[in-house]
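Q: Provided herewith: my_file.pdb, PDB, C-alpha atoms.
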```pdb
ATOM      1  CA  MET A  13    -138.683   2.248 229.019
ATOM      2  CA  ILE A  14    -136.891   0.000 226.541
ATOM      3  CA  ASN A  15    -138.291  -3.537 226.589
ATOM      4  CA  THR A  16    -137.408  -4.703 223.060
ATOM      5  CA  ILE A  17    -134.133  -4.685 221.145
ATOM      6  CA  ILE A  18    -133.714  -5.737 217.523
ATOM      7  CA  PHE A  19    -130.211  -6.481 216.309
ATOM      8  CA  ASP A  20    -128.444  -6.683 213.008
ATOM      9  CA  LEU A  21    -126.432  -9.943 212.751
ATOM     10  CA  ASP A  22    -123.226  -9.656 210.697
ATOM     11  CA  GLY A  23    -120.830  -7.154 212.247
ATOM     12  CA  THR A  24    -123.089  -6.681 215.261
ATOM     13  CA  LEU A  25    -123.577 -10.021 217.010
ATOM     14  CA  LEU A  26    -121.345 -12.214 214.851
ATOM     15  CA  ASN A  27    -118.017 -11.633 213.116
ATOM     16  CA  THR A  28    -118.707 -13.375 209.806
ATOM     17  CA  LEU A  29    -116.276 -11.453 207.610
ATOM     18  CA  GLU A  30    -113.685 -14.181 207.038
ATOM     19  CA  GLY A  31    -116.330 -16.740 206.106
ATOM     20  CA  LEU A  32    -118.029 -14.370 203.703
ATOM     21  CA  LYS A  33    -114.700 -13.608 202.054
ATOM     22  CA  ASN A  34    -113.833 -17.289 201.694
ATOM     23  CA  SER A  35    -117.174 -18.236 200.155
ATOM     24  CA  THR A  36    -117.086 -15.245 197.819
ATOM     25  CA  ASN A  37    -113.602 -16.155 196.642
ATOM     26  CA  PHE A  38    -114.565 -19.808 196.219
ATOM     27  CA  ALA A  39    -117.350 -18.722 193.866
ATOM     28  CA  LEU A  40    -115.258 -16.102 192.060
ATOM     29  CA  LYS A  41    -112.423 -18.543 191.487
ATOM     30  CA  LYS A  42    -114.803 -21.116 190.010
ATOM     31  CA  PHE A  43    -115.824 -18.583 187.352
ATOM     32  CA  ASN A  44    -112.293 -17.286 186.695
ATOM     33  CA  SER A  45    -112.821 -13.936 188.383
ATOM     34  CA  PRO A  46    -110.261 -12.120 190.560
ATOM     35  CA  GLU A  47    -110.509 -12.842 194.274
ATOM     36  CA  ILE A  48    -111.247 -10.093 196.790
ATOM     37  CA  THR A  49    -109.468  -9.062 199.994
ATOM     38  CA  LEU A  50    -110.841  -8.968 203.517
ATOM     39  CA  GLU A  51    -111.075  -5.166 203.365
ATOM     40  CA  GLN A  52    -112.965  -5.331 200.079
ATOM     41  CA  THR A  53    -115.336  -7.831 201.658
ATOM     42  CA  ARG A  54    -115.854  -5.431 204.562
ATOM     43  CA  SER A  55    -116.926  -2.676 202.175
ATOM     44  CA  PHE A  56    -119.080  -4.967 200.008
ATOM     45  CA  VAL A  57    -121.301  -6.464 202.744
ATOM     46  CA  GLY A  58    -124.415  -5.000 204.336
ATOM     47  CA  ASN A  59    -126.989  -5.096 201.557
ATOM     48  CA  GLY A  60    -127.472  -8.847 201.197
ATOM     49  CA  VAL A  61    -125.527 -11.574 199.428
ATOM     50  CA  ARG A  62    -126.796 -10.675 195.976
ATOM     51  CA  LYS A  63    -125.321  -7.197 196.328
ATOM     52  CA  LEU A  64    -122.117  -8.719 197.743
ATOM     53  CA  ILE A  65    -121.594 -10.836 194.625
ATOM     54  CA  GLU A  66    -122.656  -7.972 192.371
ATOM     55  CA  ARG A  67    -119.924  -5.837 193.896
ATOM     56  CA  ALA A  68    -117.349  -8.627 193.854
ATOM     57  CA  ILE A  69    -117.666 -10.036 190.333
ATOM     58  CA  PRO A  70    -116.477  -7.968 187.342
ATOM     59  CA  ASN A  71    -119.374  -6.141 185.628
ATOM     60  CA  GLY A  72    -121.788  -7.123 188.395
ATOM     61  CA  GLU A  73    -125.166  -8.418 187.302
ATOM     62  CA  GLN A  74    -124.148  -7.925 183.676
ATOM     63  CA  ASN A  75    -121.580 -10.692 184.063
ATOM     64  CA  PRO A  76    -122.959 -13.786 182.272
ATOM     65  CA  ASP A  77    -121.884 -15.945 185.217
ATOM     66  CA  PHE A  78    -123.477 -13.714 187.865
ATOM     67  CA  GLU A  79    -126.418 -15.933 188.820
ATOM     68  CA  LYS A  80    -124.307 -19.089 188.809
ATOM     69  CA  CYS A  81    -121.671 -17.358 190.916
ATOM     70  CA  LEU A  82    -124.330 -16.226 193.397
ATOM     71  CA  ASN A  83    -125.763 -19.738 193.693
ATOM     72  CA  THR A  84    -122.270 -21.193 194.130
ATOM     73  CA  PHE A  85    -121.623 -18.706 196.927
ATOM     74  CA  LYS A  86    -124.865 -19.649 198.699
ATOM     75  CA  GLU A  87    -124.157 -23.369 198.452
ATOM     76  CA  HIS A  88    -120.604 -22.971 199.746
ATOM     77  CA  TYR A  89    -121.549 -20.589 202.547
ATOM     78  CA  SER A  90    -124.396 -22.814 203.724
ATOM     79  CA  LYS A  91    -121.893 -25.631 204.207
ATOM     80  CA  THR A  92    -119.044 -23.607 205.705
ATOM     81  CA  MET A  93    -120.587 -20.650 207.551
ATOM     82  CA  TYR A  94    -119.670 -21.965 211.006
ATOM     83  CA  GLN A  95    -115.990 -22.461 210.221
ATOM     84  CA  LYS A  96    -114.886 -18.833 210.444
ATOM     85  CA  THR A  97    -117.773 -17.318 212.395
ATOM     86  CA  VAL A  98    -117.481 -16.200 216.018
ATOM     87  CA  ALA A  99    -119.627 -14.140 218.346
ATOM     88  CA  TYR A 100    -117.992 -10.874 219.333
ATOM     89  CA  ASP A 101    -116.613 -10.725 222.871
ATOM     90  CA  GLY A 102    -119.322  -9.972 225.406
ATOM     91  CA  ILE A 103    -122.294 -10.620 223.110
ATOM     92  CA  GLU A 104    -123.518 -13.822 224.761
ATOM     93  CA  ASP A 105    -123.222 -12.314 228.244
ATOM     94  CA  MET A 106    -125.105  -9.220 227.096
ATOM     95  CA  LEU A 107    -127.928 -11.273 225.537
ATOM     96  CA  THR A 108    -128.140 -13.450 228.645
ATOM     97  CA  GLU A 109    -128.502 -10.377 230.853
ATOM     98  CA  LEU A 110    -131.169  -8.908 228.562
ATOM     99  CA  LYS A 111    -133.139 -12.134 228.879
ATOM    100  CA  LYS A 112    -132.827 -12.009 232.675
ATOM    101  CA  ARG A 113    -134.197  -8.465 232.603
ATOM    102  CA  GLY A 114    -137.160  -9.546 230.492
ATOM    103  CA  VAL A 115    -136.075  -7.581 227.417
ATOM    104  CA  LYS A 116    -137.392  -9.141 224.199
ATOM    105  CA  THR A 117    -134.809  -9.631 221.468
ATOM    106  CA  GLY A 118    -134.897 -10.163 217.722
ATOM    107  CA  VAL A 119    -132.538 -10.236 214.760
ATOM    108  CA  VAL A 120    -133.214  -8.677 211.363
ATOM    109  CA  SER A 121    -130.533  -9.184 208.725
ATOM    110  CA  ASN A 122    -130.018  -8.859 204.985
ATOM    111  CA  LYS A 123    -128.315 -12.260 205.003
ATOM    112  CA  PHE A 124    -130.478 -14.980 203.422
ATOM    113  CA  ASP A 125    -133.160 -16.199 205.805
ATOM    114  CA  THR A 126    -132.093 -19.831 206.301
ATOM    115  CA  ALA A 127    -128.571 -18.775 207.275
ATOM    116  CA  VAL A 128    -129.870 -16.152 209.717
ATOM    117  CA  LYS A 129    -132.131 -18.645 211.466
ATOM    118  CA  GLU A 130    -129.450 -21.354 211.611
ATOM    119  CA  LEU A 131    -126.739 -19.013 212.889
ATOM    120  CA  CYS A 132    -128.980 -17.565 215.597
ATOM    121  CA  LYS A 133    -130.018 -21.036 216.737
ATOM    122  CA  ASN A 134    -126.427 -22.293 216.745
ATOM    123  CA  TYR A 135    -124.857 -19.336 218.551
ATOM    124  CA  PHE A 136    -127.705 -17.812 220.555
ATOM    125  CA  ASP A 137    -130.223 -20.595 221.140
ATOM    126  CA  GLY A 138    -132.803 -19.437 223.665
ATOM    127  CA  LEU A 139    -131.468 -15.865 223.662
ATOM    128  CA  ILE A 140    -133.028 -14.560 220.425
ATOM    129  CA  ILE A 141    -136.809 -14.816 220.179
ATOM    130  CA  VAL A 142    -137.255 -14.085 216.484
ATOM    131  CA  ALA A 143    -134.739 -14.105 213.607
ATOM    132  CA  ILE A 144    -135.605 -12.793 210.151
ATOM    133  CA  GLY A 145    -133.398 -12.712 207.060
ATOM    134  CA  GLU A 146    -133.727 -11.878 203.398
ATOM    135  CA  SER A 147    -136.553 -13.617 201.537
ATOM    136  CA  PRO A 148    -138.325 -13.158 198.172
ATOM    137  CA  ASN A 149    -140.940 -10.423 197.869
ATOM    138  CA  VAL A 150    -139.826  -8.661 201.066
ATOM    139  CA  ARG A 151    -137.818  -5.469 200.759
ATOM    140  CA  LYS A 152    -134.364  -5.631 202.313
ATOM    141  CA  LYS A 153    -133.036  -3.167 204.842
ATOM    142  CA  PRO A 154    -132.973  -0.187 204.947
ATOM    143  CA  ALA A 155    -136.656  -0.724 204.140
ATOM    144  CA  PRO A 156    -138.497  -1.233 207.450
ATOM    145  CA  ASP A 157    -140.544  -4.269 206.385
ATOM    146  CA  SER A 158    -138.646  -7.006 208.251
ATOM    147  CA  VAL A 159    -138.143  -4.870 211.355
ATOM    148  CA  LEU A 160    -141.854  -4.097 211.521
ATOM    149  CA  LYS A 161    -142.594  -7.805 211.092
ATOM    150  CA  ALA A 162    -140.268  -8.652 213.968
ATOM    151  CA  MET A 163    -141.866  -5.978 216.146
ATOM    152  CA  LYS A 164    -145.318  -7.364 215.427
ATOM    153  CA  ILE A 165    -144.218 -10.858 216.440
ATOM    154  CA  LEU A 166    -142.625  -9.477 219.610
ATOM    155  CA  GLY A 167    -145.576  -7.231 220.419
ATOM    156  CA  ALA A 168    -143.244  -4.233 220.461
ATOM    157  CA  LYS A 169    -143.999  -0.527 220.262
ATOM    158  CA  PRO A 170    -141.621   1.969 218.597
ATOM    159  CA  GLU A 171    -141.184   4.063 221.733
ATOM    160  CA  ASN A 172    -140.014   0.983 223.671
ATOM    161  CA  THR A 173    -137.728  -0.482 220.987
ATOM    162  CA  LEU A 174    -134.112   0.037 219.924
ATOM    163  CA  TYR A 175    -132.445  -1.096 216.713
ATOM    164  CA  VAL A 176    -128.755  -2.020 217.060
ATOM    165  CA  GLY A 177    -126.340  -2.338 214.148
ATOM    166  CA  ASP A 178    -122.879  -1.575 212.816
ATOM    167  CA  SER A 179    -123.523   0.076 209.452
ATOM    168  CA  ASP A 180    -125.095   2.956 207.579
ATOM    169  CA  VAL A 181    -127.782   0.526 206.394
ATOM    170  CA  ASP A 182    -128.700  -0.177 210.015
ATOM    171  CA  ILE A 183    -128.967   3.481 211.006
ATOM    172  CA  GLN A 184    -131.148   4.127 207.954
ATOM    173  CA  THR A 185    -133.257   1.068 208.815
ATOM    174  CA  ALA A 186    -133.889   2.383 212.307
ATOM    175  CA  LYS A 187    -134.955   5.773 210.951
ATOM    176  CA  ASN A 188    -137.267   4.163 208.402
ATOM    177  CA  SER A 189    -138.786   2.045 211.177
ATOM    178  CA  ASN A 190    -139.278   5.082 213.452
ATOM    179  CA  LEU A 191    -136.879   3.621 216.023
ATOM    180  CA  LYS A 192    -133.952   4.987 217.996
ATOM    181  CA  SER A 193    -130.673   3.607 216.631
ATOM    182  CA  VAL A 194    -127.615   2.276 218.430
ATOM    183  CA  GLY A 195    -124.436   2.080 216.362
ATOM    184  CA  VAL A 196    -121.705  -0.348 217.423
ATOM    185  CA  THR A 197    -118.049   0.389 216.725
ATOM    186  CA  TRP A 198    -116.724  -3.188 216.830
ATOM    187  CA  GLY A 199    -118.292  -4.187 213.492
ATOM    188  CA  PHE A 200    -117.654  -3.719 209.775
ATOM    189  CA  ARG A 201    -117.908   0.094 209.670
ATOM    190  CA  ASP A 202    -116.195   2.856 211.641
ATOM    191  CA  ARG A 203    -117.454   5.352 214.200
ATOM    192  CA  GLU A 204    -117.155   8.271 211.778
ATOM    193  CA  LEU A 205    -119.695   6.706 209.420
ATOM    194  CA  LEU A 206    -122.117   5.982 212.266
ATOM    195  CA  GLU A 207    -121.873   9.595 213.398
ATOM    196  CA  LYS A 208    -122.341  10.855 209.850
ATOM    197  CA  GLU A 209    -125.494   8.731 209.453
ATOM    198  CA  GLY A 210    -126.908  10.199 212.651
ATOM    199  CA  ALA A 211    -126.919   7.262 215.041
ATOM    200  CA  ASP A 212    -128.820   8.208 218.205
ATOM    201  CA  PHE A 213    -126.317   6.367 220.378
ATOM    202  CA  ILE A 214    -122.890   4.838 219.712
ATOM    203  CA  ILE A 215    -121.377   2.128 221.907
ATOM    204  CA  ASN A 216    -117.917   0.557 221.979
ATOM    205  CA  THR A 217    -118.686  -2.638 223.901
ATOM    206  CA  PRO A 218    -121.770  -4.860 224.295
ATOM    207  CA  CYS A 219    -122.021  -4.151 228.029
ATOM    208  CA  GLU A 220    -122.605  -0.465 227.213
ATOM    209  CA  LEU A 221    -125.966  -1.451 225.752
ATOM    210  CA  LEU A 222    -127.011  -2.706 229.189
ATOM    211  CA  GLU A 223    -126.001   0.632 230.691
ATOM    212  CA  LEU A 224    -127.854   2.490 227.940
ATOM    213  CA  ILE A 225    -131.215   0.914 228.701
TER
END
```
Could you write out this structure as structure tokens?
A:
Amino acid sequence: MINTIIFDLDGTLLNTLEGLKNSTNFALKKFNSPEITLEQTRSFVGNGVRKLIERAIPNGEQNPDFEKCLNTFKEHYSKTMYQKTVAYDGIEDMLTELKKRGVKTGVVSNKFDTAVKELCKNYFDGLIIVAIGESPNVRKKPAPDSVLKAMKILGAKPENTLYVGDSDVDIQTAKNSNLKSVGVTWGFRDRELLEKEGADFIINTPCELLELI
């Protein structure tokens, strides 16, 4: 029986793509680098903001302005992340029903930790028990470290837990955490990629997760 579900955040619970693009372009423009499109942003996200900026700025980490560009992005995004962020249709209803059923919920994301905690509190206050983002000295997804930490806090066992996400990173994270994976098709990646990565289940709407468990 499934009694615990851990979610990815960006592209799974929240559509953050426009905000990420805007903050990336704000930082790139400040350091005279070409701006990126929404589709480029879609392909660049998933491995944390450092990797996002590395992919976006010419020459990546070798760019002399890389660290300053990254810090500029973080400062801008921290101030503006609510402006273009929305929960996907049906997410709040799905989380509310999970709570009614007594299913424990957590979020594990490669977004920086303060943003993850603030976004979850702002959009899903009382519906997400634990929210964990990127922090120093902890390996990012697809390493299992943060997922295992969340499971420990929730008192969860692998056989009773699902990991839900929209990307190849999420499917790999579930495998590395010894969990069954649920791929969602409404996020930043397509169904073909989720199938290729070997998602255990694929759903097209949030309510299908309720049917799945």
Q: Could you list the residues chosen by the PyMOL selection byres ((chain A and resi 55) around 12) in this structure as a list in words?
A: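 Output from the PyMOL selection byres ((chain A and resi 55) around 12), applied to this file: Gly23, Leu29, Leu32, Lys33, Ile48, Thr49, Leu50, Glu51, Gln52, Thr53, Arg54, Phe56, Val57, Gly58, Asn59, Lys63, Leu64, Arg67, Ala68, Ser179, Asp180, Gly199, Phe200, Arg201 and Asp202 of chain A.
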Q: What residues come out when you apply the PyMOL selection byres ((chain A and resi 112-122) around 7) to this file, written as an MDAnalysis selection string?
A: chainID A and resid 15:21 58:60 108:111 123:124 140:146 152:153 158:159 162 166
Q: Taking the file as shown, what set of residues would the PyMOL selection byres ((chain A and resi 203) around 12) give back, as a PyMOL selection string?
A: chain A and resi 177-180+194-202+204-211+213-216
Q: CA of Leu222 in chain A to CA of Phe136 in chain A: how many Å, to one decimal?
A: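 Spanning CA of Leu222 in chain A to CA of Phe136 in chain A is a straight-line distance of 17.4 Å.
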Q: To one decimal place in Å, what is the distance between CA of Glu104 in chain A and CA of Tyr135 in chain A?
A: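 These atoms are spaced 8.4 Å apart.
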Q: Pick from A:Arg62, A:Ala39, A:Asp157, A:Asp125: nearest to Glu87 in chain A, with only C-alpha atoms counted?
A: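 Result for the nearest residue to Glu87 in chain A: A:Ala39.
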Q: From the list A:Ser90, A:Asp105, A:Val181, A:Leu191, which residue is nearest Met163 in chain A when using all atoms listed in the file?
A: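 Using all atoms listed in the file, Met163 in chain A sits closest to A:Leu191.
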Q: Which value, in Å to one decimal, gives the distance between CA of Ala99 in chain A and CA of Ala186 in chain A?
A: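 Computed distance, CA of Ala99 in chain A to CA of Ala186 in chain A, equals 22.6 Å.
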Q: Using all atoms listed in the file, find the one residue out of A:Gly31, A:Leu160, A:Glu79, A:Phe43 that sits nearest to Asn188 in chain A.
A: A:Leu160
Q: Check the smallest atom-to-atom distance from each of A:Glu73, A:Glu47, A:Asp212, A:Asp182 to Asn34 in chain A using all atoms listed in the file, then report the winner.
A: A:Glu47
Q: So, with all atoms listed in the file as the atoms that count, which of A:Leu82, A:Val176, A:Leu26, A:Ile14 lies closest to Lys42 in chain A?
A: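 Answer, going by the shortest atom-to-atom distance: A:Leu82.
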Q: Would you mind telling me which residue in A:Val128, A:Gly72, A:Ser35, A:Ser45 lies nearest to Asp22 in chain A when using all atoms listed in the file?
A: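 Distance minimum relative to Asp22 in chain A lands on A:Val128.
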Q: Assuming 8 Å of padding per side, give the centre and edge lengths of the axis-aligned box around every listed atom of range 103-112 of chain A, in Å to one decimal and as JSON.
A:
```
{"center_x": -127.7, "center_y": -11.4, "center_z": 227.9, "size_x": 26.8, "size_y": 20.9, "size_z": 25.6}
```
